[in-house]
$ cat model-v3.cif   # mmCIF, C-alpha atoms, pLDDT in the B column; chains and numbers go by the auth columns
data_run
loop_
_atom_site.group_PDB
_atom_site.id
_atom_site.type_symbol
_atom_site.label_atom_id
_atom_site.label_comp_id
_atom_site.label_asym_id
_atom_site.label_seq_id
_atom_site.Cartn_x
_atom_site.Cartn_y
_atom_site.Cartn_z
_atom_site.B_iso_or_equiv
_atom_site.auth_seq_id
_atom_site.auth_asym_id
ATOM 1 C CA MET A 1 0.000 0.000 0.000 53.00 1 S
ATOM 2 C CA LYS A 2 2.795 2.381 0.828 52.00 2 S
ATOM 3 C CA LYS A 3 4.530 1.773 -2.493 52.00 3 S
ATOM 4 C CA ARG A 4 1.359 2.477 -4.396 52.00 4 S
ATOM 5 C CA THR A 5 0.895 5.764 -2.583 50.00 5 S
ATOM 6 C CA ILE A 6 4.452 6.847 -3.401 48.00 6 S
ATOM 7 C CA PHE A 7 3.937 5.920 -7.076 47.00 7 S
ATOM 8 C CA LEU A 8 0.698 7.930 -7.306 47.00 8 S
ATOM 9 C CA MET A 9 2.342 10.933 -5.725 48.00 9 S
ATOM 10 C CA SER A 10 5.287 10.721 -8.116 51.00 10 S
ATOM 11 C CA PHE A 11 2.961 10.499 -11.128 47.00 11 S
ATOM 12 C CA ALA A 12 0.965 13.479 -9.938 49.00 12 S
ATOM 13 C CA LEU A 13 4.149 15.496 -9.489 45.00 13 S
ATOM 14 C CA VAL A 14 5.346 14.656 -13.011 48.00 14 S
ATOM 15 C CA ALA A 15 1.939 15.557 -14.441 48.00 15 S
ATOM 16 C CA LEU A 16 2.038 18.870 -12.613 46.00 16 S
ATOM 17 C CA LEU A 17 5.475 19.692 -14.011 48.00 17 S
ATOM 18 C CA VAL A 18 4.401 18.909 -17.589 50.00 18 S
ATOM 19 C CA VAL A 19 1.244 20.992 -17.395 51.00 19 S
ATOM 20 C CA GLY A 20 2.624 23.941 -15.482 52.00 20 S
ATOM 21 C CA GLY A 21 6.185 24.140 -16.859 59.00 21 S
ATOM 22 C CA THR A 22 7.644 25.473 -20.215 68.00 22 S
ATOM 23 C CA MET A 23 9.607 23.134 -22.432 78.00 23 S
ATOM 24 C CA ALA A 24 12.769 24.524 -24.120 84.00 24 S
ATOM 25 C CA TRP A 25 13.770 23.452 -27.662 90.00 25 S
ATOM 26 C CA PHE A 26 16.803 24.168 -29.863 88.00 26 S
ATOM 27 C CA THR A 27 15.772 26.719 -32.557 88.00 27 S
ATOM 28 C CA ASP A 28 17.330 28.952 -35.193 90.00 28 S
ATOM 29 C CA SER A 29 16.247 31.411 -37.919 90.00 29 S
ATOM 30 C CA ALA A 30 17.852 33.222 -40.874 93.00 30 S
ATOM 31 C CA GLU A 31 16.846 36.004 -43.256 94.00 31 S
ATOM 32 C CA VAL A 32 18.391 37.719 -46.277 90.00 32 S
ATOM 33 C CA THR A 33 17.252 40.585 -48.528 92.00 33 S
ATOM 34 C CA ASN A 34 18.672 40.730 -52.056 91.00 34 S
ATOM 35 C CA LYS A 35 18.780 44.127 -53.749 90.00 35 S
ATOM 36 C CA PHE A 36 18.896 44.692 -57.496 89.00 36 S
ATOM 37 C CA THR A 37 19.335 48.310 -58.613 88.00 37 S
ATOM 38 C CA ALA A 38 18.728 49.073 -62.268 92.00 38 S
ATOM 39 C CA GLY A 39 21.439 50.864 -64.215 94.00 39 S
ATOM 40 C CA THR A 40 20.848 54.048 -66.173 96.00 40 S
ATOM 41 C CA VAL A 41 21.197 54.817 -69.875 96.00 41 S
ATOM 42 C CA GLU A 42 21.925 58.499 -70.383 97.00 42 S
ATOM 43 C CA ILE A 43 23.965 60.342 -72.989 97.00 43 S
ATOM 44 C CA GLU A 44 25.033 63.906 -73.685 97.00 44 S
ATOM 45 C CA LEU A 45 25.298 65.172 -77.243 97.00 45 S
ATOM 46 C CA HIS A 46 28.320 67.411 -77.722 97.00 46 S
ATOM 47 C CA ASP A 47 27.737 69.962 -80.489 97.00 47 S
ATOM 48 C CA LYS A 48 30.723 72.305 -80.471 96.00 48 S
ATOM 49 C CA THR A 49 32.512 74.830 -82.622 96.00 49 S
ATOM 50 C CA LEU A 50 35.895 76.505 -82.285 95.00 50 S
ATOM 51 C CA ASN A 51 36.498 80.020 -81.000 93.00 51 S
ATOM 52 C CA ASN A 52 40.192 80.909 -81.199 91.00 52 S
ATOM 53 C CA SER A 53 41.040 77.197 -81.109 91.00 53 S
ATOM 54 C CA GLU A 54 38.905 76.675 -77.989 94.00 54 S
ATOM 55 C CA GLU A 55 35.882 74.369 -78.116 95.00 55 S
ATOM 56 C CA VAL A 56 32.638 76.174 -77.265 96.00 56 S
ATOM 57 C CA ASN A 57 28.974 75.250 -77.638 95.00 57 S
ATOM 58 C CA PHE A 58 27.620 75.737 -81.135 95.00 58 S
ATOM 59 C CA PRO A 59 25.601 78.994 -81.140 94.00 59 S
ATOM 60 C CA ALA A 60 21.905 78.394 -80.512 91.00 60 S
ATOM 61 C CA ASN A 61 21.018 80.817 -83.311 92.00 61 S
ATOM 62 C CA GLY A 62 23.718 79.543 -85.659 93.00 62 S
ATOM 63 C CA PHE A 63 25.749 81.847 -87.895 95.00 63 S
ATOM 64 C CA GLU A 64 24.501 84.803 -89.931 94.00 64 S
ATOM 65 C CA ASN A 65 25.635 86.162 -93.318 95.00 65 S
ATOM 66 C CA VAL A 66 27.051 82.864 -94.573 96.00 66 S
ATOM 67 C CA ASN A 67 29.010 83.199 -97.827 96.00 67 S
ATOM 68 C CA PRO A 68 29.662 80.678 -100.583 97.00 68 S
ATOM 69 C CA GLY A 69 33.002 79.068 -99.759 97.00 69 S
ATOM 70 C CA ASP A 70 32.702 79.522 -95.964 97.00 70 S
ATOM 71 C CA LEU A 71 33.814 76.734 -93.654 97.00 71 S
ATOM 72 C CA TYR A 72 32.394 76.402 -90.136 97.00 72 S
ATOM 73 C CA ASP A 73 33.698 74.148 -87.406 97.00 73 S
ATOM 74 C CA LYS A 74 31.048 71.763 -86.104 97.00 74 S
ATOM 75 C CA LEU A 75 32.365 69.090 -83.739 98.00 75 S
ATOM 76 C CA VAL A 76 29.823 66.348 -83.033 98.00 76 S
ATOM 77 C CA SER A 77 30.399 63.580 -80.477 98.00 77 S
ATOM 78 C CA VAL A 78 28.448 61.705 -77.785 97.00 78 S
ATOM 79 C CA GLU A 79 29.304 61.108 -74.126 98.00 79 S
ATOM 80 C CA ASN A 80 27.982 58.303 -71.934 97.00 80 S
ATOM 81 C CA ILE A 81 26.923 59.916 -68.644 97.00 81 S
ATOM 82 C CA GLY A 82 24.821 56.983 -67.394 96.00 82 S
ATOM 83 C CA SER A 83 25.954 53.922 -65.464 97.00 83 S
ATOM 84 C CA LYS A 84 25.392 51.346 -68.230 94.00 84 S
ATOM 85 C CA ARG A 85 27.565 50.519 -71.204 92.00 85 S
ATOM 86 C CA VAL A 86 25.714 51.572 -74.340 93.00 86 S
ATOM 87 C CA TYR A 87 25.436 51.361 -78.102 91.00 87 S
ATOM 88 C CA VAL A 88 25.239 54.817 -79.709 93.00 88 S
ATOM 89 C CA ARG A 89 23.913 56.108 -83.018 94.00 89 S
ATOM 90 C CA VAL A 90 23.593 59.578 -84.543 96.00 90 S
ATOM 91 C CA LYS A 91 21.532 60.920 -87.433 96.00 91 S
ATOM 92 C CA LEU A 92 22.297 64.084 -89.441 97.00 92 S
ATOM 93 C CA THR A 93 19.350 65.618 -91.294 97.00 93 S
ATOM 94 C CA PRO A 94 20.050 68.616 -93.570 97.00 94 S
ATOM 95 C CA THR A 95 17.323 71.074 -94.619 98.00 95 S
ATOM 96 C CA TRP A 96 17.515 74.058 -96.944 97.00 96 S
ATOM 97 C CA THR A 97 14.701 76.611 -96.638 97.00 97 S
ATOM 98 C CA PHE A 98 14.505 79.114 -99.486 97.00 98 S
ATOM 99 C CA THR A 99 13.058 82.628 -99.563 96.00 99 S
ATOM 100 C CA ASN A 100 9.921 81.330 -101.328 95.00 100 S
ATOM 101 C CA ASP A 101 9.408 78.944 -98.330 95.00 101 S
ATOM 102 C CA SER A 102 10.199 75.853 -100.386 96.00 102 S
ATOM 103 C CA THR A 103 12.487 73.308 -98.735 97.00 103 S
ATOM 104 C CA SER A 104 15.021 70.699 -99.753 96.00 104 S
ATOM 105 C CA ASN A 105 16.659 67.904 -97.776 96.00 105 S
ATOM 106 C CA ASP A 106 19.646 67.699 -100.095 95.00 106 S
ATOM 107 C CA LEU A 107 22.913 68.412 -98.333 97.00 107 S
ATOM 108 C CA ALA A 108 24.524 70.100 -101.346 97.00 108 S
ATOM 109 C CA PRO A 109 25.805 72.692 -101.902 97.00 109 S
ATOM 110 C CA ALA A 110 26.892 72.228 -98.295 98.00 110 S
ATOM 111 C CA GLN A 111 29.189 69.326 -97.451 97.00 111 S
ATOM 112 C CA LEU A 112 30.217 67.624 -94.235 98.00 112 S
ATOM 113 C CA VAL A 113 33.871 68.056 -93.303 98.00 113 S
ATOM 114 C CA GLY A 114 35.831 65.299 -91.592 98.00 114 S
ATOM 115 C CA LEU A 115 33.032 62.715 -91.745 98.00 115 S
ATOM 116 C CA ASN A 116 34.406 59.759 -89.768 97.00 116 S
ATOM 117 C CA THR A 117 33.478 56.553 -91.580 93.00 117 S
ATOM 118 C CA THR A 118 36.086 54.503 -89.704 91.00 118 S
ATOM 119 C CA ASP A 119 34.551 54.690 -86.240 92.00 119 S
ATOM 120 C CA TRP A 120 30.992 55.276 -87.462 93.00 120 S
ATOM 121 C CA ILE A 121 29.007 53.005 -89.813 89.00 121 S
ATOM 122 C CA GLU A 122 26.029 54.384 -91.771 89.00 122 S
ATOM 123 C CA ASP A 123 22.939 52.245 -92.361 87.00 123 S
ATOM 124 C CA GLU A 124 20.300 52.503 -95.082 86.00 124 S
ATOM 125 C CA ASP A 125 18.204 54.895 -92.966 89.00 125 S
ATOM 126 C CA GLY A 126 20.949 57.473 -92.550 92.00 126 S
ATOM 127 C CA TRP A 127 21.890 56.589 -88.964 93.00 127 S
ATOM 128 C CA TYR A 128 25.571 56.427 -88.049 93.00 128 S
ATOM 129 C CA TYR A 129 26.416 53.694 -85.527 91.00 129 S
ATOM 130 C CA TYR A 130 29.470 54.032 -83.324 92.00 130 S
ATOM 131 C CA VAL A 131 31.530 50.847 -83.720 88.00 131 S
ATOM 132 C CA GLU A 132 32.622 50.625 -80.073 88.00 132 S
ATOM 133 C CA ILE A 133 30.571 49.901 -76.985 90.00 133 S
ATOM 134 C CA LEU A 134 30.671 53.152 -75.029 93.00 134 S
ATOM 135 C CA ASP A 135 31.658 52.735 -71.392 93.00 135 S
ATOM 136 C CA LYS A 136 30.581 55.000 -68.549 96.00 136 S
ATOM 137 C CA ASP A 137 32.133 58.490 -68.835 97.00 137 S
ATOM 138 C CA GLU A 138 33.585 57.732 -72.278 97.00 138 S
ATOM 139 C CA VAL A 139 33.155 60.005 -75.295 98.00 139 S
ATOM 140 C CA THR A 140 32.916 58.845 -78.903 97.00 140 S
ATOM 141 C CA THR A 141 35.290 60.084 -81.522 98.00 141 S
ATOM 142 C CA ARG A 142 33.867 62.949 -83.572 98.00 142 S
ATOM 143 C CA LEU A 143 31.380 62.045 -86.260 98.00 143 S
ATOM 144 C CA ILE A 144 31.974 65.286 -88.185 98.00 144 S
ATOM 145 C CA GLU A 145 34.221 68.289 -87.723 98.00 145 S
ATOM 146 C CA GLY A 146 32.643 70.959 -89.874 98.00 146 S
ATOM 147 C CA VAL A 147 30.293 72.191 -92.587 98.00 147 S
ATOM 148 C CA HIS A 148 31.603 73.714 -95.834 98.00 148 S
ATOM 149 C CA PHE A 149 29.495 75.712 -98.273 98.00 149 S
ATOM 150 C CA ILE A 150 30.900 74.964 -101.725 97.00 150 S
ATOM 151 C CA GLY A 151 31.384 78.266 -103.492 95.00 151 S
ATOM 152 C CA GLU A 152 31.111 77.172 -107.114 95.00 152 S
ATOM 153 C CA GLU A 153 27.865 75.272 -106.395 95.00 153 S
ATOM 154 C CA MET A 154 26.145 77.915 -104.265 96.00 154 S
ATOM 155 C CA ASN A 155 24.544 80.154 -106.900 95.00 155 S
ATOM 156 C CA ASN A 156 22.074 83.007 -106.560 95.00 156 S
ATOM 157 C CA ASP A 157 19.237 80.603 -105.778 94.00 157 S
ATOM 158 C CA TYR A 158 20.771 80.357 -102.297 96.00 158 S
ATOM 159 C CA GLN A 159 20.732 84.069 -101.509 96.00 159 S
ATOM 160 C CA GLY A 160 18.774 84.482 -98.263 96.00 160 S
ATOM 161 C CA ALA A 161 18.360 80.699 -97.921 97.00 161 S
ATOM 162 C CA LYS A 162 18.664 79.091 -94.485 97.00 162 S
ATOM 163 C CA PHE A 163 20.547 75.846 -93.926 97.00 163 S
ATOM 164 C CA GLU A 164 19.872 73.664 -90.887 97.00 164 S
ATOM 165 C CA LEU A 165 21.623 70.465 -89.847 97.00 165 S
ATOM 166 C CA LYS A 166 19.553 68.541 -87.306 96.00 166 S
ATOM 167 C CA VAL A 167 21.646 66.225 -85.108 97.00 167 S
ATOM 168 C CA GLU A 168 19.894 63.390 -83.259 96.00 168 S
ATOM 169 C CA ALA A 169 21.668 60.997 -80.898 96.00 169 S
ATOM 170 C CA GLU A 170 20.299 57.812 -79.345 95.00 170 S
ATOM 171 C CA ALA A 171 21.670 55.173 -76.992 95.00 171 S
ATOM 172 C CA VAL A 172 20.511 51.767 -75.830 93.00 172 S
ATOM 173 C CA GLN A 173 21.940 49.344 -73.288 93.00 173 S
ATOM 174 C CA ALA A 174 24.786 47.274 -74.663 88.00 174 S
ATOM 175 C CA SER A 175 23.546 44.029 -73.120 85.00 175 S
ATOM 176 C CA HIS A 176 21.322 41.393 -74.733 83.00 176 S
ATOM 177 C CA TYR A 177 21.494 42.976 -78.213 80.00 177 S
ATOM 178 C CA ALA A 178 18.763 45.415 -77.151 86.00 178 S
ATOM 179 C CA PHE A 179 19.334 47.498 -80.299 85.00 179 S
ATOM 180 C CA ARG A 180 17.551 44.820 -82.350 82.00 180 S
ATOM 181 C CA ASP A 181 14.250 45.608 -80.634 84.00 181 S
ATOM 182 C CA GLU A 182 14.727 49.235 -79.647 89.00 182 S
ATOM 183 C CA TRP A 183 15.994 50.333 -83.053 87.00 183 S
ATOM 184 C CA ASN A 184 13.606 48.063 -84.979 81.00 184 S
ATOM 185 C CA LYS A 185 16.264 45.846 -86.488 73.00 185 S
ATOM 186 C CA PRO A 186 15.115 42.377 -85.400 65.00 186 S
ATOM 187 C CA GLY A 187 16.945 40.463 -88.124 61.00 187 S
ATOM 188 C CA LEU A 188 20.174 42.397 -87.902 58.00 188 S
ATOM 189 C CA ASP A 189 23.246 40.646 -86.582 58.00 189 S
ATOM 190 C CA VAL A 190 26.469 42.339 -85.595 58.00 190 S
ATOM 191 C CA PRO A 191 28.583 41.482 -88.669 56.00 191 S
ATOM 192 C CA ALA A 192 25.807 42.653 -90.998 57.00 192 S
ATOM 193 C CA LEU A 193 25.942 46.120 -89.504 64.00 193 S
ATOM 194 C CA GLY A 194 29.723 46.112 -89.639 60.00 194 S
ATOM 195 C CA VAL A 195 30.237 46.699 -85.931 63.00 195 S
ATOM 196 C CA GLU A 196 31.933 43.464 -84.962 58.00 196 S
ATOM 197 C CA LYS A 197 33.146 45.163 -81.758 62.00 197 S
ATOM 198 C CA TRP A 198 29.578 45.215 -80.425 64.00 198 S
ATOM 199 C CA ILE A 199 30.096 42.087 -78.349 54.00 199 S
ATOM 200 C CA GLU A 200 29.216 41.791 -74.677 47.00 200 S
#
$ encode --input "model-v3.cif" --output "structure tokens"
Amino acid sequence: MKKRTIFLMSFALVALLVVGGTMAWFTDSAEVTNKFTAGTVEIELHDKTLNNSEEVNFPANGFENVNPGDLYDKLVSVENIGSKRVYVRVKLTPTWTFTNDSTSNDLAPAQLVGLNTTDWIEDEDGWYYYVEILDKDEVTTRLIEGVHFIGEEMNNDYQGAKFELKVEAEAVQASHYAFRDEWNKPGLDVPALGVEKWIE
């Protein structure tokens, strides 16, 4: 009888400890947050001329009283000021506006001076593609260096005429051949354009 009483008391004590106590277990936890920050594609178009051998911005209003035979410095290049490596292209669109308000998109009798066809490749749409991938803070070589008005071809029809050369520059990320979609050239491969250096 005594043994049974001791056993019941021991059982009750164990039951009390289980119900009223807190069990401790080995535990652990871990957490990580991965960040992905998108790069930026941003370019600056440099449109310069020379003033006493110093490069200055091309005048917003251009030059007045142009004569047949005149030569004007026009230094065109592109700088990558974004964080991404980029492909770059530039388009030059000439327009003559005559005193009778008629227009012409022929370049002549003006001509481009120092057109760089080594570092720039022209396509069928008149865009010039820079053959190198442009790294951050890099500047392309100059596409052109001036505009010359050919004297013997600039007759009286050009008196009072206004010549404009529109310069457009575009850039797209250099990864994943993005230029095929962005510049609407889905079937174009690198060798076909002639810019074999466009390899990531």
$ closest_atom_pairs --input "model-v3.cif" --of "region 30-64 of chain S" --to "region 89-93 of chain S" --cutoff "12 Å" --atoms "all atoms listed in the file" --output "Markdown table"
| residue | atom | partner | partner_atom | distance |
| --- | --- | --- | --- | --- |
| S:Ile43 | CA | S:Arg89 | CA | 10.9 |
| S:Glu44 | CA | S:Val90 | CA | 11.8 |
| S:Leu45 | CA | S:Val90 | CA | 9.4 |
| S:His46 | CA | S:Val90 | CA | 11.4 |
| S:Asp47 | CA | S:Val90 | CA | 11.9 |
$ resolve_selection --input "model-v3.cif" --expression "the PyMOL selection byres ((chain S and resi 103) around 12)" --output "ChimeraX atom specification"
/S:94-102,104-107,158,161-164
$ residues_around --input "model-v3.cif" --residues "Leu134 (chain S)" --least-positions-apart "2" --cutoff "12 Å" --atoms "only C-alpha atoms" --output "PyMOL selection string"
chain S and resi 41-43+77-89+119+129-132+136-141+171-175+197-200
$ axis_aligned_box --input "model-v3.cif" --around "region 164-182 of chain S" --padding-each-side "4 Å" --output "lines of an AutoDock Vina configuration file"
center_x = 19.5
center_y = 57.5
center_z = -82.0
size_x = 18.5
size_y = 40.3
size_z = 25.8
$ closest_residue --input "model-v3.cif" --among "S:Glu55, S:Glu124, S:Asp157, S:Asp28" --to "Pro68 (chain S)" --atoms "all atoms listed in the file"
S:Asp157
$ resolve_selection --input "model-v3.cif" --expression "the PyMOL selection byres ((chain S and resi 60) around 12)" --output "list in words"
Asp47, Lys48, Thr49, Val56, Asn57, Phe58, Pro59, Asn61, Gly62, Phe63, Glu64 and Glu164 of chain S
$ atom_distance --input "model-v3.cif" --atom1 "CA of Tyr72 (chain S)" --atom2 "CA of Trp127 (chain S)"
22.5 Å
$ atom_distance --input "model-v3.cif" --atom1 "CA of Glu182 (chain S)" --atom2 "CA of Ala169 (chain S)"
13.7 Å
$ atom_distance --input "model-v3.cif" --atom1 "CA of Ile133 (chain S)" --atom2 "CA of Lys74 (chain S)"
23.7 Å
$ resolve_selection --input "model-v3.cif" --expression "the PyMOL selection byres ((chain S and resi 147-150) around 9)" --output "VMD selection string"
chain S and resid 66 to 74 108 to 114 144 to 146 151 to 154
